[in-house]
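J.: So that we are looking at the same thing, I have put the structure below in structure tokens.
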Amino acid sequence: MGEVKSPAQHAKHSSKGSKRQIEIQAARIENARLCFVDKKGKQLGVLEGVTVDCPSATPGKAAGNIAVEKVTLNNGLTLKAFHSPFTFNGRSLSLSPMDARLAEGSVRGTATLGTAPGQAPFTLDLNFDAVHLNQLMSELGESKKSRMAGALQGSLDLYGFVGEKKSIQGSGFMRLRGARMDQIPLVQLVGSALQMDVSDMELRQAQLDLRVDEETVFVDSLVVESPSISLSAKGTSAFDGKLDLAARMALNAKLSRQLPGGVAANFQAVPGGDWRDIGFTVTGRLARPETDLLQVMVGQKLGNQFLNLLQSVTGKHKKKSSDKKKTEPPPAQEAEGTPQPAETP
């Protein structure tokens with residue numbers, strides 16, 4: 001694991017001479033590698049290049065500095081150049097202030113970890129700034145699904161007991177500066193329907209406010225806004241990624257005027273402005289979200305207007321007249337207003 005040096009240590013004998021006690025007054029660990037596992041033995045993370053310098057130690061107390069070249073969590077998240085002073089009082093380990101690099105940005109904060117037998121309480125208070133979203137998503141294995149770019153800043157405050165998900169509580173917020181969005185599915189659906197290019201749009205606002213309690217992340221406010229389109233949502237996301245969000249999408253006057261008549265009727269005027277919006281839900285899981293936006297936009301009017309919309313969203317071309325005669329059933333076999341099976345985009 002590394003070299004342990006105790007330059008000043010001595011042995012004491014009890015009055016009866018039957019016991020020996022060794023007091024370590026100073027210690028140093030260099031270039032160690034540590035693995036952390038949960039109660040079931042599953043690996044939670046790996047620390048590489050660990051250096052611990054403890055120039056002062058007494059029974060039940062210690063103080064010094066710790067530096068780690070690289071921290072890799074089980075989900076792929078990586079911290080680099082971590083360093084912090086530490087103190088140990090026999091019951092808990094405190095790291096304050098902590099400093100590290102995350103996706104080219106900075107992370108600072110404090111942490112405490114209980115060391116007494118039984119459940120180990122912890123607290124974590126972090127502030128992060130200039131974290132590159134694209135790189136962060138790449139480390140998490142989501143590079144192909146990354147839809148936004150920019151620099152993250154925000155905070156996260158958590159507390160609870162190690163290994164007990166139900167005990168974790170806290171809050172946090174995130175803001176995205178210099179944000180751009182590219183190929184966000186919900187926005188692309190609207191863009192395709194309106195035959196507009198809404199890729200690589202600059203955002204004037206992107207923020208998230210959340211709370212954590214009872215294995216659930218409560219999304220108090222999620223806002224993504226460009227000069228022409230605004231998306232907002234609130235609801236919950238379980239620790240397993242299951243989503244239950246109520247969302248709204250608003251379009252400015254220019255986009256609203258391009259909505260087909262049957263679709264425009266399902267949008268409502270936003271008070272105090274010339275925007276129009278519509279409500280929908282987001283379900284599924286964090287890795288594969290699902291939405292009923294398409295159904296809400298077109299309502300029950302499933303004529304040629306809906307088919308054209310669906311074709312533009314799914315990227316399917318209209319059939320040639322010769323193909324249409326071969327594949328379409330005679331009109332008499334269709335009941336007017338009956339929905340036709342369609343793929344969910």
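The way I read the labels, and the way they are meant: chains A, B, ... in the order of the structure tokens, residue 1 as the first residue of every chain, and ligand 1 as the first ligand shown, with later ones counted on from there.
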From stretch 89-277 of chain A, collect each residue whose DSSP state is strand (DSSP E) and return the set as a PyMOL selection string.
T.: chain A and resi 92-102+105-114+121-132+148-161+164-181+201-202+205-213+216-225+229-238+243-251+268-269+276-277
J.: Selection from above, C-alpha atoms, as a short mmCIF file (atom, residue, chain, number, x, y, z; two decimals), in the first residue's frame, can you write it?
T.:
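Now in result27.cif:
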data_model
loop_
_atom_site.label_atom_id
_atom_site.label_comp_id
_atom_site.auth_asym_id
_atom_site.auth_seq_id
_atom_site.Cartn_x
_atom_site.Cartn_y
_atom_site.Cartn_z
CA SER A 92 -15.08 11.34 13.11
CA LEU A 93 -12.77 12.34 10.27
CA SER A 94 -13.05 15.88 8.96
CA LEU A 95 -11.76 17.18 5.61
CA SER A 96 -11.74 20.96 5.37
CA PRO A 97 -11.25 22.73 3.08
CA MET A 98 -11.23 20.25 0.18
CA ASP A 99 -10.04 21.21 -3.29
CA ALA A 100 -10.09 19.17 -6.52
CA ARG A 101 -10.45 19.35 -10.29
CA LEU A 102 -13.56 18.03 -12.05
CA GLY A 105 -13.41 22.91 -13.43
CA SER A 106 -12.96 23.30 -9.69
CA VAL A 107 -14.66 21.64 -6.73
CA ARG A 108 -14.29 22.98 -3.19
CA GLY A 109 -15.99 22.16 0.08
CA THR A 110 -15.95 20.27 3.36
CA ALA A 111 -16.81 16.74 4.48
CA THR A 112 -17.07 14.74 7.71
CA LEU A 113 -17.29 10.98 8.16
CA GLY A 114 -18.15 9.16 11.37
CA PRO A 121 -22.93 9.49 9.59
CA PHE A 122 -21.55 11.81 6.93
CA THR A 123 -21.93 15.39 5.74
CA LEU A 124 -20.89 16.76 2.35
CA ASP A 125 -20.94 20.41 1.35
CA LEU A 126 -19.59 21.11 -2.15
CA ASN A 127 -19.33 24.12 -4.45
CA PHE A 128 -18.29 23.68 -8.07
CA ASP A 129 -17.44 26.14 -10.82
CA ALA A 130 -16.46 26.12 -14.52
CA VAL A 131 -17.11 22.37 -14.87
CA HIS A 132 -17.24 21.50 -18.59
CA MET A 148 -25.85 20.52 -24.09
CA ALA A 149 -22.57 22.35 -23.67
CA GLY A 150 -21.41 25.02 -21.27
CA ALA A 151 -19.79 25.58 -17.88
CA LEU A 152 -21.58 24.33 -14.76
CA GLN A 153 -21.58 26.13 -11.45
CA GLY A 154 -23.57 25.34 -8.33
CA SER A 155 -23.59 23.63 -4.95
CA LEU A 156 -24.59 20.36 -3.32
CA ASP A 157 -25.29 19.82 0.39
CA LEU A 158 -25.94 16.23 1.53
CA TYR A 159 -26.02 14.38 4.84
CA GLY A 160 -27.06 10.96 6.11
CA PHE A 161 -25.51 7.57 6.87
CA GLU A 164 -28.22 3.89 3.82
CA LYS A 165 -29.92 5.47 0.80
CA LYS A 166 -33.12 6.25 2.69
CA SER A 167 -31.20 8.39 5.16
CA ILE A 168 -29.70 10.75 2.57
CA GLN A 169 -31.14 14.28 2.57
CA GLY A 170 -30.02 17.62 1.24
CA SER A 171 -30.38 20.18 -1.52
CA GLY A 172 -28.52 21.64 -4.43
CA PHE A 173 -28.65 23.91 -7.45
CA MET A 174 -26.93 24.13 -10.81
CA ARG A 175 -26.55 26.89 -13.38
CA LEU A 176 -25.15 26.50 -16.89
CA ARG A 177 -23.17 29.49 -18.20
CA GLY A 178 -22.36 30.02 -21.88
CA ALA A 179 -24.83 27.24 -22.64
CA ARG A 180 -25.66 25.86 -26.05
CA MET A 181 -28.06 23.03 -26.86
CA MET A 201 -29.04 27.18 -30.17
CA GLU A 202 -27.60 29.53 -27.59
CA GLN A 205 -30.96 30.47 -19.11
CA ALA A 206 -30.37 26.88 -17.95
CA GLN A 207 -30.82 26.03 -14.28
CA LEU A 208 -31.85 23.29 -11.88
CA ASP A 209 -32.96 23.45 -8.23
CA LEU A 210 -33.40 20.20 -6.32
CA ARG A 211 -33.88 18.54 -2.94
CA VAL A 212 -33.05 14.99 -1.81
CA ASP A 213 -35.09 12.93 0.65
CA THR A 216 -35.97 10.64 -4.20
CA VAL A 217 -34.64 13.72 -5.95
CA PHE A 218 -37.31 16.42 -5.91
CA VAL A 219 -36.90 18.70 -8.92
CA ASP A 220 -38.26 22.02 -7.67
CA SER A 221 -37.38 23.88 -10.85
CA LEU A 222 -35.81 22.93 -14.16
CA VAL A 223 -35.60 25.68 -16.80
CA VAL A 224 -33.98 25.61 -20.24
CA GLU A 225 -34.66 28.77 -22.22
CA ILE A 229 -38.19 28.19 -27.01
CA SER A 230 -38.54 27.65 -23.26
CA LEU A 231 -38.79 24.31 -21.44
CA SER A 232 -39.63 24.07 -17.73
CA ALA A 233 -40.38 21.11 -15.47
CA LYS A 234 -40.81 20.02 -11.88
CA GLY A 235 -41.46 16.68 -10.22
CA THR A 236 -39.37 13.76 -9.00
CA SER A 237 -36.56 11.45 -10.05
CA ALA A 238 -36.00 8.31 -7.98
CA LEU A 243 -38.84 10.04 -13.80
CA ASP A 244 -42.16 11.70 -13.04
CA LEU A 245 -42.07 15.30 -14.24
CA ALA A 246 -44.78 17.79 -15.17
CA ALA A 247 -43.39 20.01 -17.92
CA ARG A 248 -44.35 22.94 -20.12
CA MET A 249 -42.98 24.11 -23.43
CA ALA A 250 -43.42 27.70 -24.60
CA LEU A 251 -42.82 29.14 -28.08
CA GLN A 268 -52.39 28.42 -24.63
CA ALA A 269 -51.46 32.09 -24.48
CA ARG A 276 -47.87 30.35 -26.22
CA ASP A 277 -47.26 27.17 -24.23
#
J.: Which residues are near A:Leu47? Cut-off 12 Å, only C-alpha atoms, ignore same chain within fewer than 5 positions. Put them as a count of residues only.
T.: 22
J.: Rounded to one decimal in Å, what is the spacing between atom CA of A:Leu133 and atom CA of A:Glu48?
T.: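 Atom CA of A:Glu48 lies 24.2 Å from atom CA of A:Leu133.
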J.: Please return, as a PyMOL selection string, all residues of stretch 38-139 of chain A that DSSP assigns to helix (DSSP H, G or I) on the basis of the backbone.
T.: chain A and resi 133-139
J.: As an mmCIF file with C-alpha atoms, in the first residue's frame, please: the residues near A:Glu290 (cut-off 9 Å, only C-alpha atoms, same-chain neighbours under 6 positions excluded).
T.:
data_model
loop_
_atom_site.group_PDB
_atom_site.id
_atom_site.type_symbol
_atom_site.label_atom_id
_atom_site.label_comp_id
_atom_site.auth_asym_id
_atom_site.auth_seq_id
_atom_site.Cartn_x
_atom_site.Cartn_y
_atom_site.Cartn_z
ATOM 1 C CA LEU A 243 -38.840 10.042 -13.795
ATOM 2 C CA THR A 281 -45.360 14.845 -18.903
ATOM 3 C CA VAL A 282 -41.918 13.246 -18.827
ATOM 4 C CA THR A 283 -41.710 9.660 -17.589
ATOM 5 C CA GLY A 284 -39.463 6.654 -18.234
#
